[in-house]
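J.: For reference, the structure I am asking about is given below.
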Amino acid sequence: MLLKNIYGFFITLLLIPFTALPQINDDFTDGDFSLLPVWNGNSSQFIVNNTKQLQLNSTGADTAYLSTPNTLIDSTEWNCWVKLSFAPSDNNYVKIYLVSDQNDLTLPLNGYFVRMGEDGSFDSVDLWEQSGTTETKLIDGINGHCAKSTNTLRIKVVRDNYGNWKLFSDTLGGVNYVLEGTASDLKHTSSLAFGLSCKHTSSNATKFYFDDFYVGVVRVDTIAPAINNVYVVSPSALDVYFNEPVEQMSAELFGNYTVDNTIGNPISALRNTTNFNLVHLVFANTFQASVSYSLTINGVSDLQTNSITTSVVRFVLTERANSGDIVINEILSDPNQGGVDFVELYNNSNKIIDLSTYTLCSFDTITNQLSSVQAIAGGLTLFYPGQYVLLSLNSVAVQNQYYTTNLSGFIEMKAFPSMNIASGIIVLADTSQIIIDRFDYQQNMHFPLLNSTKGVSLERISPNRPASDRNNWHSASSTVGYATPAYKNSQTFDSKPGKEITFSNELFSPDNDGFNDVLNINYEFDMAGYVCSVSIYSSNGVLVRNIASNEMLSVSGTYTWDGINNDRELCPVGMYIVYFQLFNSSGIVKNYKKVAVLAHK
């Protein structure tokens, strides 16, 4: 039975048309370029590196080539990945020979090649025809597509039986191709070889990389395009990015796009003139800020006429944050071993905000300027009202050391401001360096009875009280593991102040267990302009703590007492008197005495 199955398998192989198999298909995973297929030429100047890529490994200034047999030219696709770790020039470039009537690519030959690198700063991906030593450009690709200091591209070329050529590239090395151009040329109709030729100076003799060579039948795309991203470019315009080039006529039909919430169809739809993955939409009606909309797309086709049936994507017109809209809500400046510093943000507004337009910074107190300015996110990152987000260099390190209820609330930044353990300044600013929030932290702001503050975060008690109020910060509770990354703080206080003077809790126990650890003293008056002093006395009238001294009050707010006396010691169990003294410029004087109870477990 086994022999019969093996026999049937080989018969099946024999029945497969040879034209369906690629003539060249090499990804160098075998670590070799001398077999399957055999590459000939200046083989001593090439290696397969540790990442299984073909790499130039030459010296000095030279031109090195490799070629392998190939007879395909009609109805053929050529495809490969190329990386040039330098800015190409007239002395540093590569030719990918699609068709050649010679195996030796240094000789005069007849064929076609793709060249990357030229004289000037507008290096592009171009298709050339060669007859003997005469070279003629057939397709002048998009300027700048290989002009960077490091260029990673995937190249795709297709030719039909009638000499019609199409040149595509993806400048990120993927398969989201952009059409570089088309041409028609039937000068050469046969081939003997496929290969590459690297002209280089000594400084770039090892900086050419190649992978995923394919020469074979044209691989037919049967998958409809998909939406990669939608960006709001103005209150009445959208940019829609597809995952592949889209056909112009279908992409520019107004009826193929509609937005809900009374916006309707666009009044203009234009495919980008150079990036065929991009369509610009303009609407008569305007989007409202912080309102979620749905864009529905039907009927848009790719270049192979695969059409979208129904695709829906949501978008929102974000708003700018003002001071107080986003607050620094929790920080860790002294992480445990294996941990990292972090900063938590809280959206204290009704706005939907794009965090990619904000930075996390330090502050130089000598120059009074922001320093170590680091972008929070590289692309559109929506921050919703009431949402928490945790910023660090290593999200996994934070999650491994602390519990969280919000795994999606972590952003891993590429760089992070330096945070000293003893003290420092953390600033949230927009890209125009307008400060949204600032926290001047000190290690002695922690609960003084902790044996160690290593691995303990400082939490903001109320997002509505300023970060500059040191009484608005407290060590995270031991019951939550000393930090609450990306979710509600263990020491938060959300109650709104009542009339005159009230307590959030008349009994409190400052044991850092996360339950009534502090006494919140709320005030609310009918007028502004009061100056206030707040003191704590023991039941026998001894002053134990000065909370405030001659401070100008707002109409409402909160003071906090953590049970610590002026000597930074925990007060004993008992009743304490909170004494409020108020006066204003009109001569009004008010005095309040309220009793609170400090308890221990």
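By order of appearance in the structure tokens: chains A, B, ..., then residues from 1 within every chain, and ligands from 1 in the order shown.
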Name the residues of region 20-76 of chain A that come out as strand (DSSP E) in a backbone DSSP run; write them as a list of chain:residue names.

T.: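 Strand (DSSP E) members of region 20-76 of chain A, listed: A:Ile24, A:Asn25, A:Asp26, A:Asn40, A:Gly41, A:Phe46, A:Ile47, A:Val48, A:Leu54, A:Gln55, A:Leu56, A:Asp62, A:Thr63, A:Ala64, A:Tyr65, A:Leu66, A:Ser67, A:Thr68, A:Pro69, A:Thr76.
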
J.: Which residues are near Gln288 (chain A)? Cut-off 8 Å, only C-alpha atoms, ignore same chain within fewer than 2 positions. Put them as a PyMOL selection string.

T.: chain A and resi 235+286+290-291+317

J.: Taking 6 positions as the minimum chain separation for residues in the same chain, which residues sit within 12 Å of Asn505 (chain A) when counting only C-alpha atoms? Answer as a PyMOL selection string.

T.: chain A and resi 493+495+497+515-522+560-561+594-599

J.: Per residue of region 348-461 of chain A within 10 Å of region 562-569 of chain A, record the nearest atom pair and its distance in Å to one decimal, counting only C-alpha atoms, with rows in chain order and ascending residue number, as JSON lines.

T.:
```
{"residue": "A:Asn444", "atom": "CA", "partner": "A:Arg568", "partner_atom": "CA", "distance": 9.8}
{"residue": "A:Phe447", "atom": "CA", "partner": "A:Asp562", "partner_atom": "CA", "distance": 8.0}
{"residue": "A:Pro448", "atom": "CA", "partner": "A:Arg568", "partner_atom": "CA", "distance": 6.6}
{"residue": "A:Leu449", "atom": "CA", "partner": "A:Glu569", "partner_atom": "CA", "distance": 7.7}
```

J.: Could the residues in this selection be saved with C-alpha atoms as a short mmCIF file (atom, residue, chain, number, x, y, z; two decimals), in the first residue's frame?

T.:
```cif
data_model
loop_
_atom_site.label_atom_id
_atom_site.label_comp_id
_atom_site.auth_asym_id
_atom_site.auth_seq_id
_atom_site.Cartn_x
_atom_site.Cartn_y
_atom_site.Cartn_z
CA ASN A 444 10.68 61.75 50.56
CA PHE A 447 4.90 57.19 53.00
CA PRO A 448 7.67 57.67 55.60
CA LEU A 449 7.07 54.37 57.46
#
```

J.: Given only C-alpha atoms as the basis, pick out the residue of A:Ser556, A:Asn394, A:Thr206, A:Ser169 nearest to Val340 (chain A).

T.: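 Distance minimum relative to Val340 (chain A) lands on A:Asn394.
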
J.: Restricting the calculation to only C-alpha atoms, which member of A:Ser539, A:Gln53, A:Ser197, A:Asn275 is positioned closest to Asp27 (chain A)?

T.: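 Among the listed residues, the smallest separation from Asp27 (chain A) belongs to A:Gln53.
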
J.: In Å, how far is it from CA of Gly163 (chain A) to CA of Asp74 (chain A)?

T.: 7.7 Å

J.: How far is it from CA of Val94 (chain A) to CA of Arg219 (chain A), in Å with one decimal?

T.: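 Atom-to-atom, CA of Val94 (chain A) to CA of Arg219 (chain A), that is 25.0 Å.
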
J.: Using only C-alpha atoms, which protein or nucleic acid residues come within 8 Å of Ser311 (chain A)? Drop anything in the same chain fewer than 2 positions from it, and give the result as a ChimeraX atom specification.

T.: /A:226-227,296-298,308-309,313

J.: Export, as a PDB file, in the first residue's frame, the selected residues with N, CA, C and O atoms.

T.:
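File out.pdb, as written:
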```
ATOM      1  N   ALA A 226      -7.431  45.717   1.201  1.00  0.00           N
ATOM      2  CA  ALA A 226      -7.940  45.979   2.547  1.00  0.00           C
ATOM      3  C   ALA A 226      -7.478  47.358   2.984  1.00  0.00           C
ATOM      4  O   ALA A 226      -6.526  47.925   2.432  1.00  0.00           O
ATOM      5  N   ILE A 227      -8.149  47.905   3.978  1.00  0.00           N
ATOM      6  CA  ILE A 227      -7.805  49.232   4.487  1.00  0.00           C
ATOM      7  C   ILE A 227      -6.739  49.091   5.557  1.00  0.00           C
ATOM      8  O   ILE A 227      -6.925  48.378   6.542  1.00  0.00           O
ATOM      9  N   THR A 296     -17.565  53.405   5.448  1.00  0.00           N
ATOM     10  CA  THR A 296     -17.866  52.154   4.745  1.00  0.00           C
ATOM     11  C   THR A 296     -17.404  52.270   3.301  1.00  0.00           C
ATOM     12  O   THR A 296     -17.709  53.259   2.622  1.00  0.00           O
ATOM     13  N   ILE A 297     -16.655  51.268   2.840  1.00  0.00           N
ATOM     14  CA  ILE A 297     -16.105  51.280   1.480  1.00  0.00           C
ATOM     15  C   ILE A 297     -16.600  50.043   0.737  1.00  0.00           C
ATOM     16  O   ILE A 297     -16.514  48.924   1.252  1.00  0.00           O
ATOM     17  N   ASN A 298     -17.106  50.235  -0.471  1.00  0.00           N
ATOM     18  CA  ASN A 298     -17.534  49.158  -1.367  1.00  0.00           C
ATOM     19  C   ASN A 298     -17.003  49.434  -2.760  1.00  0.00           C
ATOM     20  O   ASN A 298     -16.897  50.589  -3.175  1.00  0.00           O
ATOM     21  N   ILE A 308     -13.376  45.209  -3.268  1.00  0.00           N
ATOM     22  CA  ILE A 308     -13.887  45.174  -1.897  1.00  0.00           C
ATOM     23  C   ILE A 308     -15.404  45.055  -1.937  1.00  0.00           C
ATOM     24  O   ILE A 308     -16.077  45.782  -2.666  1.00  0.00           O
ATOM     25  N   THR A 309     -15.946  44.120  -1.162  1.00  0.00           N
ATOM     26  CA  THR A 309     -17.413  44.036  -1.051  1.00  0.00           C
ATOM     27  C   THR A 309     -17.912  45.043  -0.021  1.00  0.00           C
ATOM     28  O   THR A 309     -18.557  46.031  -0.353  1.00  0.00           O
ATOM     29  N   VAL A 313     -14.395  50.878   8.658  1.00  0.00           N
ATOM     30  CA  VAL A 313     -13.323  51.275   9.565  1.00  0.00           C
ATOM     31  C   VAL A 313     -13.773  52.523  10.329  1.00  0.00           C
ATOM     32  O   VAL A 313     -14.471  53.379   9.780  1.00  0.00           O
TER      33      VAL A 313
END
```

J.: Could you give me, as a list in words, the residues within 7 Å of Asn164 (chain A), counting only C-alpha atoms and dropping anything in the same chain fewer than 6 positions from it?

T.: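 The residues satisfying every condition are Ala183, Ser184 and Asp185 of chain A.
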
J.: Go ahead and save the residues from that selection, with N, CA and C atoms, as an mmCIF file, in the first residue's frame.

T.:
```cif
data_model
loop_
_atom_site.group_PDB
_atom_site.id
_atom_site.type_symbol
_atom_site.label_atom_id
_atom_site.label_comp_id
_atom_site.auth_asym_id
_atom_site.auth_seq_id
_atom_site.Cartn_x
_atom_site.Cartn_y
_atom_site.Cartn_z
ATOM 1 N N ALA A 183 6.138 50.126 -19.275
ATOM 2 C CA ALA A 183 6.841 50.343 -20.550
ATOM 3 C C ALA A 183 6.497 49.207 -21.501
ATOM 4 N N SER A 184 6.758 49.424 -22.773
ATOM 5 C CA SER A 184 6.569 48.387 -23.785
ATOM 6 C C SER A 184 7.860 48.270 -24.589
ATOM 7 N N ASP A 185 8.428 47.063 -24.609
ATOM 8 C CA ASP A 185 9.671 46.856 -25.339
ATOM 9 C C ASP A 185 9.798 45.382 -25.693
#
```

J.: Which residues, written as a list of chain:residue names, have at least one atom at most 7 Å from region 396-403 of chain A, with only C-alpha atoms counted and residues fewer than 6 positions away on the same chain left out?

T.: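 Those residues are A:Gly338, A:Gly339, A:Val340, A:Gly481, A:Ala483.
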
J.: Could you work out how far CA of Asn25 (chain A) lies from CA of Lys52 (chain A), giving the answer in Å with one decimal?

T.: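 Result for CA of Lys52 (chain A) versus CA of Asn25 (chain A): 14.2 Å, one decimal.
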
J.: For Gly378 (chain A), work out the shell of residues within 12 Å, counting only C-alpha atoms and skipping chain neighbours fewer than 2 positions away, then give it as a list in words.

T.: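 My reading of the contact set: Asp354, Leu355, Ser356, Thr357, Tyr358, Thr359, Gln374, Ala375, Ile376, Leu380, Thr381, Leu382, Ile411, Glu412, Met413, Lys414 and Ala415 of chain A.
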
J.: Could you tell me, as a list of chain:residue names, which residues of region 2-196 of chain A DSSP assigns to alpha helix (DSSP H) when given the backbone?

T.: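 Matching residues, listed in order: A:Leu2, A:Leu3, A:Lys4, A:Asn5, A:Ile6, A:Tyr7, A:Gly8, A:Phe9, A:Phe10, A:Ile11, A:Thr12, A:Leu13, A:Leu14, A:Leu15.
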
J.: Atoms to include: all heavy atoms. Write the selected residues as an mmCIF file, in the first residue's frame.

T.:
```
data_model
loop_
_atom_site.group_PDB
_atom_site.id
_atom_site.type_symbol
_atom_site.label_atom_id
_atom_site.label_comp_id
_atom_site.auth_asym_id
_atom_site.auth_seq_id
_atom_site.Cartn_x
_atom_site.Cartn_y
_atom_site.Cartn_z
ATOM 1 N N LEU A 2 1.960 1.204 0.822
ATOM 2 C CA LEU A 2 2.880 2.319 0.897
ATOM 3 C C LEU A 2 3.556 2.571 -0.444
ATOM 4 O O LEU A 2 3.661 3.705 -0.911
ATOM 5 C CB LEU A 2 3.924 2.054 1.976
ATOM 6 C CG LEU A 2 5.008 3.136 2.148
ATOM 7 C CD1 LEU A 2 4.368 4.460 2.518
ATOM 8 C CD2 LEU A 2 6.012 2.691 3.189
ATOM 9 N N LEU A 3 4.015 1.466 -1.114
ATOM 10 C CA LEU A 3 4.658 1.620 -2.418
ATOM 11 C C LEU A 3 3.703 2.210 -3.440
ATOM 12 O O LEU A 3 4.078 3.017 -4.283
ATOM 13 C CB LEU A 3 5.184 0.264 -2.904
ATOM 14 C CG LEU A 3 6.394 -0.295 -2.137
ATOM 15 C CD1 LEU A 3 6.708 -1.700 -2.619
ATOM 16 C CD2 LEU A 3 7.598 0.621 -2.306
ATOM 17 N N LYS A 4 2.444 1.818 -3.325
ATOM 18 C CA LYS A 4 1.435 2.324 -4.260
ATOM 19 C C LYS A 4 1.248 3.831 -4.076
ATOM 20 O O LYS A 4 1.151 4.585 -5.052
ATOM 21 C CB LYS A 4 0.114 1.587 -4.040
ATOM 22 C CG LYS A 4 -0.983 2.023 -4.998
ATOM 23 C CD LYS A 4 -2.241 1.213 -4.772
ATOM 24 C CE LYS A 4 -3.351 1.650 -5.730
ATOM 25 N NZ LYS A 4 -4.592 0.885 -5.503
ATOM 26 N N ASN A 5 1.216 4.264 -2.833
ATOM 27 C CA ASN A 5 1.045 5.691 -2.563
ATOM 28 C C ASN A 5 2.235 6.502 -3.059
ATOM 29 O O ASN A 5 2.090 7.580 -3.630
ATOM 30 C CB ASN A 5 0.853 5.926 -1.058
ATOM 31 C CG ASN A 5 -0.512 5.454 -0.574
ATOM 32 O OD1 ASN A 5 -1.418 5.283 -1.377
ATOM 33 N ND2 ASN A 5 -0.650 5.245 0.735
ATOM 34 N N ILE A 6 3.460 5.952 -2.838
ATOM 35 C CA ILE A 6 4.664 6.644 -3.300
ATOM 36 C C ILE A 6 4.668 6.741 -4.827
ATOM 37 O O ILE A 6 4.980 7.772 -5.414
ATOM 38 C CB ILE A 6 5.928 5.926 -2.797
ATOM 39 C CG1 ILE A 6 6.016 6.042 -1.272
ATOM 40 C CG2 ILE A 6 7.180 6.503 -3.432
ATOM 41 C CD1 ILE A 6 7.149 5.243 -0.678
ATOM 42 N N TYR A 7 4.284 5.613 -5.473
ATOM 43 C CA TYR A 7 4.222 5.590 -6.941
ATOM 44 C C TYR A 7 3.215 6.633 -7.441
ATOM 45 O O TYR A 7 3.489 7.399 -8.371
ATOM 46 C CB TYR A 7 3.813 4.194 -7.398
ATOM 47 C CG TYR A 7 3.671 4.080 -8.912
ATOM 48 C CD1 TYR A 7 4.793 3.963 -9.738
ATOM 49 C CD2 TYR A 7 2.406 4.106 -9.495
ATOM 50 C CE1 TYR A 7 4.661 3.873 -11.106
ATOM 51 C CE2 TYR A 7 2.273 4.004 -10.870
ATOM 52 C CZ TYR A 7 3.390 3.888 -11.673
ATOM 53 O OH TYR A 7 3.256 3.798 -13.023
ATOM 54 N N GLY A 8 2.060 6.687 -6.786
ATOM 55 C CA GLY A 8 1.045 7.663 -7.192
ATOM 56 C C GLY A 8 1.522 9.086 -7.010
ATOM 57 O O GLY A 8 1.233 9.971 -7.818
ATOM 58 N N PHE A 9 2.313 9.324 -5.937
ATOM 59 C CA PHE A 9 2.834 10.660 -5.672
ATOM 60 C C PHE A 9 3.762 11.114 -6.799
ATOM 61 O O PHE A 9 3.675 12.230 -7.303
ATOM 62 C CB PHE A 9 3.572 10.660 -4.338
ATOM 63 C CG PHE A 9 4.323 11.924 -4.052
ATOM 64 C CD1 PHE A 9 3.663 13.074 -3.664
ATOM 65 C CD2 PHE A 9 5.705 11.968 -4.170
ATOM 66 C CE1 PHE A 9 4.348 14.238 -3.397
ATOM 67 C CE2 PHE A 9 6.400 13.123 -3.898
ATOM 68 C CZ PHE A 9 5.734 14.264 -3.516
ATOM 69 N N PHE A 10 4.674 10.213 -7.253
ATOM 70 C CA PHE A 10 5.608 10.581 -8.316
ATOM 71 C C PHE A 10 4.900 10.748 -9.647
ATOM 72 O O PHE A 10 5.272 11.602 -10.454
ATOM 73 C CB PHE A 10 6.720 9.533 -8.428
ATOM 74 C CG PHE A 10 7.789 9.710 -7.393
ATOM 75 C CD1 PHE A 10 7.907 8.836 -6.329
ATOM 76 C CD2 PHE A 10 8.687 10.771 -7.491
ATOM 77 C CE1 PHE A 10 8.900 9.010 -5.365
ATOM 78 C CE2 PHE A 10 9.673 10.945 -6.545
ATOM 79 C CZ PHE A 10 9.772 10.060 -5.474
ATOM 80 N N ILE A 11 3.872 9.941 -9.889
ATOM 81 C CA ILE A 11 3.084 10.120 -11.125
ATOM 82 C C ILE A 11 2.436 11.489 -11.135
ATOM 83 O O ILE A 11 2.414 12.198 -12.149
ATOM 84 C CB ILE A 11 2.017 9.009 -11.250
ATOM 85 C CG1 ILE A 11 2.689 7.665 -11.552
ATOM 86 C CG2 ILE A 11 1.004 9.357 -12.329
ATOM 87 C CD1 ILE A 11 3.415 7.630 -12.881
ATOM 88 N N THR A 12 1.907 11.924 -9.942
ATOM 89 C CA THR A 12 1.290 13.248 -9.841
ATOM 90 C C THR A 12 2.288 14.343 -10.154
ATOM 91 O O THR A 12 1.997 15.308 -10.859
ATOM 92 C CB THR A 12 0.717 13.452 -8.431
ATOM 93 O OG1 THR A 12 -0.218 12.409 -8.161
ATOM 94 C CG2 THR A 12 0.022 14.798 -8.319
ATOM 95 N N LEU A 13 3.514 14.200 -9.621
ATOM 96 C CA LEU A 13 4.550 15.183 -9.906
ATOM 97 C C LEU A 13 4.840 15.291 -11.391
ATOM 98 O O LEU A 13 5.025 16.377 -11.936
ATOM 99 C CB LEU A 13 5.831 14.838 -9.156
ATOM 100 C CG LEU A 13 5.872 15.123 -7.649
ATOM 101 C CD1 LEU A 13 7.222 14.701 -7.083
ATOM 102 C CD2 LEU A 13 5.613 16.590 -7.374
ATOM 103 N N LEU A 14 4.873 14.134 -12.062
ATOM 104 C CA LEU A 14 5.169 14.126 -13.497
ATOM 105 C C LEU A 14 4.079 14.801 -14.305
ATOM 106 O O LEU A 14 4.330 15.346 -15.385
ATOM 107 C CB LEU A 14 5.363 12.684 -13.982
ATOM 108 C CG LEU A 14 6.640 11.978 -13.484
ATOM 109 C CD1 LEU A 14 6.602 10.504 -13.884
ATOM 110 C CD2 LEU A 14 7.884 12.655 -14.046
ATOM 111 N N LEU A 15 2.847 14.773 -13.771
ATOM 112 C CA LEU A 15 1.732 15.361 -14.505
ATOM 113 C C LEU A 15 1.632 16.871 -14.324
ATOM 114 O O LEU A 15 0.909 17.536 -15.044
ATOM 115 C CB LEU A 15 0.406 14.706 -14.069
ATOM 116 C CG LEU A 15 0.259 13.230 -14.474
ATOM 117 C CD1 LEU A 15 -1.019 12.654 -13.879
ATOM 118 C CD2 LEU A 15 0.258 13.082 -16.005
#
```

J.: Which is closest to Asn591 (chain A) among A:Glu500, A:Glu252, A:Asp119, A:Asp513, if we use only C-alpha atoms?

T.: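 Of the candidates, the smallest distance to Asn591 (chain A) is held by A:Glu500.
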
J.: With only C-alpha atoms as the atoms that count, which of A:Ile328, A:Leu138, A:Cys80, A:Ile421 lies nearest to Asp170 (chain A)?

T.: A:Cys80
